[in-house]
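Visitor: My structure is in upload.txt, and what it holds is compact mmCIF, C-alpha atoms:
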# COMPACT_ATOMS: atom_id res chain seq x y z
CA GLY U 1 36.19 -98.45 10.69
CA ARG U 2 36.67 -95.27 8.71
CA ASN U 3 39.76 -93.13 9.22
CA ARG U 4 38.94 -89.60 10.28
CA THR U 5 41.09 -86.55 9.75
CA ASP U 6 42.84 -85.13 12.81
CA PRO U 7 41.24 -81.62 13.24
CA ARG U 8 44.67 -80.09 13.86
CA ARG U 9 45.96 -81.45 10.55
CA ALA U 10 42.84 -80.24 8.78
CA GLU U 11 43.23 -76.72 10.19
CA ALA U 12 46.90 -76.67 9.18
CA GLY U 13 45.90 -77.59 5.65
CA VAL U 14 43.27 -74.83 5.51
CA ALA U 15 45.80 -72.30 6.82
CA ALA U 16 48.25 -73.29 4.08
CA ASP U 17 45.52 -72.94 1.46
CA ARG U 18 44.65 -69.47 2.75
CA ARG U 19 48.25 -68.29 2.53
CA GLN U 20 48.32 -69.29 -1.12
CA LEU U 21 44.96 -67.67 -1.95
CA GLY U 22 45.21 -64.38 -0.06
CA PRO U 23 42.95 -62.94 2.66
CA GLU U 24 40.13 -61.86 0.32
CA GLN U 25 39.20 -65.38 -0.72
CA HIS U 26 37.45 -67.98 1.38
CA VAL U 27 38.08 -71.70 1.75
CA GLY U 28 35.52 -74.22 3.03
CA ARG U 29 36.27 -75.28 6.63
CA LEU U 30 35.23 -78.24 8.71
CA ASP U 31 33.82 -75.95 11.39
CA HIS U 32 31.85 -73.66 9.03
CA GLN U 33 28.33 -74.91 9.61
CA GLN U 34 26.67 -73.37 6.55
CA GLU U 35 29.24 -74.83 4.19
CA ARG U 36 28.99 -78.26 5.87
CA ARG U 37 25.26 -78.75 5.35
CA GLY U 38 24.55 -81.69 3.10
CA GLN U 39 28.19 -82.81 2.92
CA GLY U 40 29.38 -86.14 4.31
CA ASP U 41 32.46 -86.53 6.45
CA GLU U 42 34.12 -88.50 3.66
CA GLN U 43 33.89 -85.58 1.26
CA ALA U 44 35.18 -82.97 3.71
CA ASP U 45 37.91 -85.25 5.07
CA GLY U 46 39.05 -86.27 1.59
CA ALA U 47 39.52 -82.67 0.55
CA HIS U 48 41.72 -81.90 3.55
CA GLU U 49 43.68 -85.16 3.45
CA ALA U 50 44.67 -84.56 -0.15
CA ARG U 51 45.42 -80.88 0.55
CA ARG U 52 43.32 -80.00 -2.48
CA LEU U 53 40.66 -77.31 -2.67
CA ARG U 54 37.23 -78.50 -3.69
CA GLY U 55 36.17 -74.96 -4.51
CA VAL U 56 36.82 -71.29 -3.80
CA GLY U 57 34.23 -68.56 -3.54
CA GLN U 58 33.75 -64.98 -2.48
CA PRO U 59 30.65 -63.52 -0.79
CA PRO U 60 28.39 -61.44 -3.09
CA GLU U 61 28.78 -58.38 -0.88
CA GLN U 62 31.03 -57.96 2.13
CA GLY U 63 29.06 -57.96 5.38
CA ARG U 64 25.71 -58.74 3.76
CA VAL U 65 23.31 -60.96 5.74
CA GLU U 66 19.66 -60.96 4.63
CA GLN U 67 16.43 -62.91 5.07
CA ASP U 68 13.30 -63.24 2.96
CA PRO U 69 10.60 -61.51 5.05
CA GLU U 70 7.76 -63.55 3.57
CA GLN U 71 9.54 -66.77 4.43
CA LEU U 72 10.10 -65.47 7.95
CA TRP U 73 6.40 -64.57 8.23
CA SER U 74 5.32 -68.01 7.04
CA THR U 75 7.40 -69.67 9.77
CA VAL U 76 5.86 -67.36 12.40
CA VAL U 77 2.36 -68.30 11.24
CA ALA U 78 3.18 -72.02 11.11
CA ALA U 79 4.70 -71.97 14.61
CA GLY U 80 1.74 -70.00 15.96
CA LEU U 81 -0.79 -72.41 14.51
CA ARG U 82 1.06 -75.37 16.03
CA ALA U 83 1.12 -73.66 19.42
CA LEU U 84 -2.62 -72.95 19.23
CA ALA U 85 -3.35 -76.52 18.20
CA GLU U 86 -1.38 -77.92 21.14
CA GLY U 87 -2.29 -75.32 23.75
CA GLY U 88 -6.00 -74.71 23.26
CA ASP U 89 -7.28 -71.41 24.66
CA VAL U 90 -4.72 -68.59 24.63
CA ASP U 91 -4.65 -65.66 27.04
CA CYS U 92 -1.70 -63.82 25.56
CA VAL U 93 1.02 -64.10 22.93
CA GLY U 94 4.68 -63.13 23.21
CA ILE U 95 7.14 -62.53 20.39
CA GLY U 96 10.81 -63.43 20.69
CA ASN U 97 12.36 -61.57 17.79
CA GLN U 98 15.66 -60.61 16.19
CA GLY U 99 15.66 -57.19 17.80
CA GLU U 100 18.25 -55.60 15.51
CA THR U 101 16.89 -56.96 12.20
CA VAL U 102 15.17 -54.32 10.04
CA LEU U 103 13.21 -54.05 6.80
CA ALA U 104 11.10 -51.62 4.77
CA TRP U 105 7.40 -52.39 4.29
CA ARG U 106 4.06 -50.80 3.34
CA LEU U 107 1.69 -49.67 6.09
CA SER U 108 -1.32 -50.11 3.82
CA THR U 109 -0.70 -53.79 3.09
CA GLY U 110 2.04 -55.00 5.42
CA ARG U 111 3.94 -56.27 2.40
CA PRO U 112 7.75 -56.00 2.50
CA VAL U 113 9.49 -53.61 0.12
CA THR U 114 13.01 -54.87 0.83
CA THR U 115 14.64 -57.96 2.19
CA ALA U 116 15.32 -57.99 5.93
CA MET U 117 18.78 -56.84 7.01
CA VAL U 118 19.67 -59.34 9.72
CA TRP U 119 21.37 -58.35 12.95
CA GLN U 120 24.72 -59.80 11.75
CA ASP U 121 24.72 -57.55 8.66
CA ARG U 122 27.69 -55.13 8.73
CA ARG U 123 27.03 -52.93 5.68
CA ALA U 124 25.91 -50.02 7.88
CA VAL U 125 29.52 -49.47 8.98
CA ALA U 126 29.56 -46.59 6.48
CA VAL U 127 26.86 -44.91 8.59
CA THR U 128 28.58 -45.46 11.92
CA ASP U 129 31.90 -44.23 10.51
CA ARG U 130 30.45 -40.85 9.58
CA LEU U 131 28.81 -40.54 13.01
CA ALA U 132 32.02 -41.34 14.90
CA ASP U 133 32.23 -37.84 16.41
CA ARG U 134 28.80 -38.37 18.01
CA ALA U 135 29.55 -41.80 19.41
CA ALA U 136 30.02 -40.68 23.02
CA ALA U 137 26.85 -38.56 23.06
CA LEU U 138 24.78 -41.36 21.53
CA HIS U 139 26.17 -43.83 24.05
CA GLN U 140 25.25 -41.50 26.89
CA ARG U 141 21.66 -41.08 25.67
CA THR U 142 20.87 -44.56 24.35
CA GLY U 143 23.14 -46.75 26.47
CA LEU U 144 24.52 -48.42 23.34
CA PRO U 145 27.91 -48.16 21.59
CA LEU U 146 27.88 -46.84 18.05
CA ASP U 147 27.94 -50.02 15.98
CA PRO U 148 26.25 -51.32 12.79
CA TYR U 149 24.98 -54.26 14.86
CA PHE U 150 22.12 -52.08 16.14
CA ALA U 151 18.95 -51.20 14.23
CA ALA U 152 19.26 -47.44 13.62
CA PRO U 153 22.45 -47.57 11.51
CA LYS U 154 20.88 -50.36 9.46
CA MET U 155 17.70 -48.33 8.99
CA ALA U 156 19.70 -45.36 7.71
CA TRP U 157 21.78 -47.54 5.36
CA LEU U 158 18.66 -49.27 4.05
CA ARG U 159 16.97 -45.95 3.25
CA GLU U 160 20.07 -44.67 1.50
CA ASN U 161 20.84 -47.80 -0.51
CA LEU U 162 17.80 -50.06 -0.92
CA LEU U 163 15.00 -47.50 -1.46
CA ASP U 164 14.81 -45.30 -4.54
CA ASP U 165 13.89 -41.59 -4.32
CA ALA U 166 10.17 -42.17 -4.82
CA GLN U 167 10.07 -44.92 -2.20
CA GLY U 168 12.04 -42.77 0.22
CA ARG U 169 9.37 -40.03 -0.02
CA ASP U 170 6.40 -42.39 0.12
CA PRO U 171 4.67 -42.02 3.53
CA ASP U 172 3.18 -45.50 3.11
CA ILE U 173 6.66 -47.06 3.27
CA VAL U 174 8.19 -47.39 6.73
CA VAL U 175 11.44 -48.87 7.97
CA SER U 176 11.23 -50.73 11.28
CA THR U 177 12.51 -53.56 13.39
CA ILE U 178 11.13 -57.00 12.62
CA ASP U 179 8.80 -57.12 15.66
CA ALA U 180 6.83 -54.06 14.52
CA TRP U 181 6.31 -55.63 11.10
CA VAL U 182 5.23 -59.00 12.53
CA LEU U 183 2.78 -57.29 14.92
CA HIS U 184 1.34 -55.22 12.06
CA ARG U 185 0.88 -58.29 9.89
CA ALA U 186 -0.75 -60.16 12.77
CA CYS U 187 -2.82 -57.44 14.44
CA GLY U 188 -2.91 -54.39 12.16
CA VAL U 189 -1.13 -52.11 14.66
CA TYR U 190 2.18 -50.29 14.20
CA VAL U 191 3.91 -50.57 17.59
CA SER U 192 7.02 -51.88 19.29
CA ASP U 193 7.95 -52.33 22.95
CA ALA U 194 10.55 -50.68 25.15
CA SER U 195 12.90 -53.67 25.20
CA THR U 196 13.20 -53.85 21.41
CA ALA U 197 13.17 -50.06 21.06
CA GLY U 198 16.09 -50.01 23.48
CA ARG U 199 18.15 -51.95 20.91
CA THR U 200 17.68 -49.42 18.12
CA MET U 201 20.00 -46.58 19.28
CA LEU U 202 16.96 -44.28 19.02
CA LEU U 203 15.56 -44.59 22.56
CA ASP U 204 16.50 -42.29 25.44
CA VAL U 205 16.96 -44.90 28.15
CA ASP U 206 16.49 -42.41 30.98
CA ARG U 207 13.11 -41.13 29.71
CA VAL U 208 12.10 -44.39 27.94
CA ALA U 209 11.06 -42.27 24.95
CA TRP U 210 12.30 -41.73 21.42
CA ASP U 211 15.28 -39.38 21.40
CA GLU U 212 14.84 -36.51 18.93
CA GLN U 213 18.57 -35.96 18.50
CA ALA U 214 19.24 -39.64 17.83
CA CYS U 215 16.32 -39.89 15.41
Could you quickly redo this structure as structure tokens?

Guide:
Amino acid sequence: GRNRTDPRRAEAGVAADRRQLGPEQHVGRLDHQQERRGQGDEQADGAHEARRLRGVGQPPEQGRVEQDPEQLWSTVVAAGLRALAEGGDVDCVGIGNQGETVLAWRLSTGRPVTTAMVWQDRRAVAVTDRLADRAAALHQRTGLPLDPYFAAPKMAWLRENLLDDAQGRDPDIVVSTIDAWVLHRACGVYVSDASTAGRTMLLDVDRVAWDEQAC
């Protein structure tokens, strides 16, 4: 049988590598799922057994997590068609979505203008930092802590950094959560629901209405 690396020994080797490289660089780990895809156990184990690095890399931008909206849309359509094929007549459709993921898109066509900033994306920390003195008031009104995890800080960061001046003034370009975009592409309406709106930091949870001060 094949010898496998003891996970504790592998982790000790990774820790030693990190001390040599410094905190700003990243080493492939056995438990990092994205880095493991397509790699056999022999390759990963061999790297740790020999205490040699197979490669070192840095992320393109700290905190950046994005998706291709068109690819996302194509998977929604494919899944919907499969469900219709298997289920026959349909009375209603529900959308389970990434409630804090946002993008910019055109109302006239439904076509995306930017990539989608996924809920894990942390680049909007610059927005939350400058709103720190309003954190308590926002929490009171929206029920959410001030954090770049939620949609509103991402929306503000996207407008400031991913849209140029002309796009920012264009009334045809909107920035929304992913559910509003999917519904528009599917049905031609520009709407969301209270549950997703409640994850934006823009909804007054007592009135269940958009909060003017937060917006």

Visitor: Find the residues near Asp211 of chain U: any atom within 10 Å, counting all atoms listed in the file, skip ones fewer than 2 places away on the same chain, and give them as a PyMOL selection string.

Guide: chain U and resi 138+141-142+201-205+207-209+213-215

Visitor: Tell me, as a PDB file with C-alpha atoms, in the frame of the given file, which residues lie within 12 Å of Val93 of chain U, counting only C-alpha atoms; anything in the same chain fewer than 6 positions away does not count.

Guide:
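Contents of selection-v7.pdb, as written:
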ATOM      1  CA  GLY U  80       1.740 -70.000  15.960  1.00  0.00           C
ATOM      2  CA  LEU U  81      -0.790 -72.410  14.510  1.00  0.00           C
ATOM      3  CA  ALA U  83       1.120 -73.660  19.420  1.00  0.00           C
ATOM      4  CA  LEU U  84      -2.620 -72.950  19.230  1.00  0.00           C
ATOM      5  CA  GLY U  87      -2.290 -75.320  23.750  1.00  0.00           C
ATOM      6  CA  LEU U 183       2.780 -57.290  14.920  1.00  0.00           C
ATOM      7  CA  ALA U 186      -0.750 -60.160  12.770  1.00  0.00           C
ATOM      8  CA  CYS U 187      -2.820 -57.440  14.440  1.00  0.00           C
TER       9      CYS U 187
END

Visitor: Nearest to Asp193 of chain U among U:Gly99, U:Pro148, U:Gly110, U:Pro153, with distances taken over all atoms listed in the file: which residue is it?

Guide: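 Of all the options, U:Gly99 lies closest to Asp193 of chain U.
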
Visitor: What's around segment 123-130 of chain U at 10 Å? Count all atoms listed in the file, leave out sequence neighbours fewer than 2 positions away in its own chain, and write the answer as a ChimeraX atom specification.

Guide: /U:61-65,117,120-121,132-135,146-158,160

Visitor: Go through U:Pro69, U:Pro171, U:Pro145, U:Gly188 and flag the residue nearest Thr101 of chain U, using only C-alpha atoms for the distances.

Guide: U:Pro69

Visitor: Work out how far apart atom CA of Asp170 of chain U and atom CA of Thr115 of chain U are and give it in Å to one decimal.

Guide: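 One can read the atom CA of Asp170 of chain U to atom CA of Thr115 of chain U distance as 17.7 Å.
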
Visitor: Between atom CA of Val175 of chain U and atom CA of Trp119 of chain U, what is the distance in Å, rounded to a tenth?

Guide: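 Atom CA of Trp119 of chain U lies 14.6 Å from atom CA of Val175 of chain U.
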
Visitor: How many Å lie between atom CA of Glu70 of chain U and atom CA of Gly94 of chain U, rounded to one decimal?

Guide: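 So the answer is 19.9 Å.
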
Visitor: Using all atoms listed in the file for the distances, tell me which of U:Val77, U:Cys92, U:Ala104, U:Val118 is nearest to Asn161 of chain U.

Guide: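 The shortest atom-to-atom distance to Asn161 of chain U comes from U:Ala104.
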
Visitor: Just checking: using all atoms listed in the file, which residue out of U:Ala197, U:Val90, U:Trp105, U:Trp210 ends up closest to Gln167 of chain U?

Guide: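 Between U:Ala197, U:Val90, U:Trp105, U:Trp210, the residue approaching Gln167 of chain U most closely is U:Trp105.
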
Visitor: Restricting the calculation to all atoms listed in the file, which member of U:Glu86, U:Gln98, U:Gln67, U:Pro112 is positioned closest to Ile173 of chain U?

Guide: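 Ranked by minimum distance to Ile173 of chain U, first place goes to U:Pro112.
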
Visitor: What would segment 161-195 of chain U look like with N, CA and C atoms in place, written as a PDB file, keeping the file's coordinate frame?

Guide:
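So part-v2.pdb came out as:
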ATOM      1  N   ASN U 161      20.323 -46.878   0.505  1.00  0.00           N
ATOM      2  CA  ASN U 161      20.840 -47.800  -0.510  1.00  0.00           C
ATOM      3  C   ASN U 161      19.819 -48.756  -1.116  1.00  0.00           C
ATOM      4  N   LEU U 162      18.750 -49.072  -0.409  1.00  0.00           N
ATOM      5  CA  LEU U 162      17.800 -50.060  -0.920  1.00  0.00           C
ATOM      6  C   LEU U 162      16.472 -49.451  -1.355  1.00  0.00           C
ATOM      7  N   LEU U 163      16.206 -48.189  -1.012  1.00  0.00           N
ATOM      8  CA  LEU U 163      15.000 -47.500  -1.460  1.00  0.00           C
ATOM      9  C   LEU U 163      15.368 -46.461  -2.505  1.00  0.00           C
ATOM     10  N   ASP U 164      14.563 -46.362  -3.569  1.00  0.00           N
ATOM     11  CA  ASP U 164      14.810 -45.300  -4.540  1.00  0.00           C
ATOM     12  C   ASP U 164      14.188 -44.000  -4.029  1.00  0.00           C
ATOM     13  N   ASP U 165      14.352 -42.902  -4.790  1.00  0.00           N
ATOM     14  CA  ASP U 165      13.890 -41.590  -4.320  1.00  0.00           C
ATOM     15  C   ASP U 165      12.394 -41.572  -4.056  1.00  0.00           C
ATOM     16  N   ALA U 166      11.622 -42.163  -4.978  1.00  0.00           N
ATOM     17  CA  ALA U 166      10.170 -42.170  -4.820  1.00  0.00           C
ATOM     18  C   ALA U 166       9.761 -42.969  -3.591  1.00  0.00           C
ATOM     19  N   GLN U 167      10.387 -44.109  -3.380  1.00  0.00           N
ATOM     20  CA  GLN U 167      10.070 -44.920  -2.200  1.00  0.00           C
ATOM     21  C   GLN U 167      10.462 -44.204  -0.916  1.00  0.00           C
ATOM     22  N   GLY U 168      11.591 -43.491  -0.958  1.00  0.00           N
ATOM     23  CA  GLY U 168      12.040 -42.770   0.220  1.00  0.00           C
ATOM     24  C   GLY U 168      11.087 -41.664   0.638  1.00  0.00           C
ATOM     25  N   ARG U 169      10.329 -41.104  -0.322  1.00  0.00           N
ATOM     26  CA  ARG U 169       9.370 -40.030  -0.020  1.00  0.00           C
ATOM     27  C   ARG U 169       7.961 -40.551   0.232  1.00  0.00           C
ATOM     28  N   ASP U 170       7.730 -41.809   0.000  1.00  0.00           N
ATOM     29  CA  ASP U 170       6.400 -42.390   0.120  1.00  0.00           C
ATOM     30  C   ASP U 170       6.035 -42.584   1.590  1.00  0.00           C
ATOM     31  N   PRO U 171       5.013 -41.879   2.108  1.00  0.00           N
ATOM     32  CA  PRO U 171       4.670 -42.020   3.530  1.00  0.00           C
ATOM     33  C   PRO U 171       4.095 -43.388   3.872  1.00  0.00           C
ATOM     34  N   ASP U 172       3.723 -44.160   2.854  1.00  0.00           N
ATOM     35  CA  ASP U 172       3.180 -45.500   3.110  1.00  0.00           C
ATOM     36  C   ASP U 172       4.295 -46.515   3.395  1.00  0.00           C
ATOM     37  N   ILE U 173       5.538 -46.153   3.061  1.00  0.00           N
ATOM     38  CA  ILE U 173       6.660 -47.060   3.270  1.00  0.00           C
ATOM     39  C   ILE U 173       7.391 -46.679   4.558  1.00  0.00           C
ATOM     40  N   VAL U 174       7.504 -47.615   5.451  1.00  0.00           N
ATOM     41  CA  VAL U 174       8.190 -47.390   6.730  1.00  0.00           C
ATOM     42  C   VAL U 174       9.348 -48.367   6.840  1.00  0.00           C
ATOM     43  N   VAL U 175      10.312 -48.001   7.659  1.00  0.00           N
ATOM     44  CA  VAL U 175      11.440 -48.870   7.970  1.00  0.00           C
ATOM     45  C   VAL U 175      11.398 -49.133   9.472  1.00  0.00           C
ATOM     46  N   SER U 176      11.392 -50.401   9.853  1.00  0.00           N
ATOM     47  CA  SER U 176      11.230 -50.730  11.280  1.00  0.00           C
ATOM     48  C   SER U 176      11.989 -51.988  11.630  1.00  0.00           C
ATOM     49  N   THR U 177      11.999 -52.275  12.913  1.00  0.00           N
ATOM     50  CA  THR U 177      12.510 -53.560  13.390  1.00  0.00           C
ATOM     51  C   THR U 177      11.491 -54.655  13.043  1.00  0.00           C
ATOM     52  N   ILE U 178      11.942 -55.887  13.095  1.00  0.00           N
ATOM     53  CA  ILE U 178      11.130 -57.000  12.620  1.00  0.00           C
ATOM     54  C   ILE U 178       9.886 -57.212  13.478  1.00  0.00           C
ATOM     55  N   ASP U 179       9.954 -56.892  14.784  1.00  0.00           N
ATOM     56  CA  ASP U 179       8.800 -57.120  15.660  1.00  0.00           C
ATOM     57  C   ASP U 179       7.624 -56.237  15.273  1.00  0.00           C
ATOM     58  N   ALA U 180       7.903 -54.973  14.901  1.00  0.00           N
ATOM     59  CA  ALA U 180       6.830 -54.060  14.520  1.00  0.00           C
ATOM     60  C   ALA U 180       6.130 -54.549  13.257  1.00  0.00           C
ATOM     61  N   TRP U 181       6.910 -55.098  12.329  1.00  0.00           N
ATOM     62  CA  TRP U 181       6.310 -55.630  11.100  1.00  0.00           C
ATOM     63  C   TRP U 181       5.470 -56.859  11.386  1.00  0.00           C
ATOM     64  N   VAL U 182       5.984 -57.785  12.196  1.00  0.00           N
ATOM     65  CA  VAL U 182       5.230 -59.000  12.530  1.00  0.00           C
ATOM     66  C   VAL U 182       3.929 -58.633  13.250  1.00  0.00           C
ATOM     67  N   LEU U 183       3.981 -57.697  14.201  1.00  0.00           N
ATOM     68  CA  LEU U 183       2.780 -57.290  14.920  1.00  0.00           C
ATOM     69  C   LEU U 183       1.766 -56.645  13.975  1.00  0.00           C
ATOM     70  N   HIS U 184       2.247 -55.854  13.022  1.00  0.00           N
ATOM     71  CA  HIS U 184       1.340 -55.220  12.060  1.00  0.00           C
ATOM     72  C   HIS U 184       0.672 -56.274  11.189  1.00  0.00           C
ATOM     73  N   ARG U 185       1.447 -57.234  10.721  1.00  0.00           N
ATOM     74  CA  ARG U 185       0.880 -58.290   9.890  1.00  0.00           C
ATOM     75  C   ARG U 185      -0.144 -59.116  10.679  1.00  0.00           C
ATOM     76  N   ALA U 186       0.117 -59.315  11.958  1.00  0.00           N
ATOM     77  CA  ALA U 186      -0.750 -60.160  12.770  1.00  0.00           C
ATOM     78  C   ALA U 186      -1.967 -59.432  13.315  1.00  0.00           C
ATOM     79  N   CYS U 187      -1.772 -58.151  13.695  1.00  0.00           N
ATOM     80  CA  CYS U 187      -2.820 -57.440  14.440  1.00  0.00           C
ATOM     81  C   CYS U 187      -3.259 -56.126  13.813  1.00  0.00           C
ATOM     82  N   GLY U 188      -2.534 -55.641  12.796  1.00  0.00           N
ATOM     83  CA  GLY U 188      -2.910 -54.390  12.160  1.00  0.00           C
ATOM     84  C   GLY U 188      -2.498 -53.144  12.906  1.00  0.00           C
ATOM     85  N   VAL U 189      -1.607 -53.279  13.899  1.00  0.00           N
ATOM     86  CA  VAL U 189      -1.130 -52.110  14.660  1.00  0.00           C
ATOM     87  C   VAL U 189       0.352 -51.893  14.356  1.00  0.00           C
ATOM     88  N   TYR U 190       0.777 -50.637  14.462  1.00  0.00           N
ATOM     89  CA  TYR U 190       2.180 -50.290  14.200  1.00  0.00           C
ATOM     90  C   TYR U 190       2.808 -49.870  15.523  1.00  0.00           C
ATOM     91  N   VAL U 191       3.357 -50.827  16.260  1.00  0.00           N
ATOM     92  CA  VAL U 191       3.910 -50.570  17.590  1.00  0.00           C
ATOM     93  C   VAL U 191       5.154 -51.424  17.788  1.00  0.00           C
ATOM     94  N   SER U 192       5.916 -51.051  18.814  1.00  0.00           N
ATOM     95  CA  SER U 192       7.020 -51.880  19.290  1.00  0.00           C
ATOM     96  C   SER U 192       6.940 -51.864  20.814  1.00  0.00           C
ATOM     97  N   ASP U 193       7.923 -52.412  21.489  1.00  0.00           N
ATOM     98  CA  ASP U 193       7.950 -52.330  22.950  1.00  0.00           C
ATOM     99  C   ASP U 193       9.285 -51.749  23.391  1.00  0.00           C
ATOM    100  N   ALA U 194       9.373 -51.394  24.654  1.00  0.00           N
ATOM    101  CA  ALA U 194      10.550 -50.680  25.150  1.00  0.00           C
ATOM    102  C   ALA U 194      11.813 -51.521  25.044  1.00  0.00           C
ATOM    103  N   SER U 195      11.691 -52.840  25.238  1.00  0.00           N
ATOM    104  CA  SER U 195      12.900 -53.670  25.200  1.00  0.00           C
ATOM    105  C   SER U 195      13.504 -53.706  23.807  1.00  0.00           C
TER     106      SER U 195
END
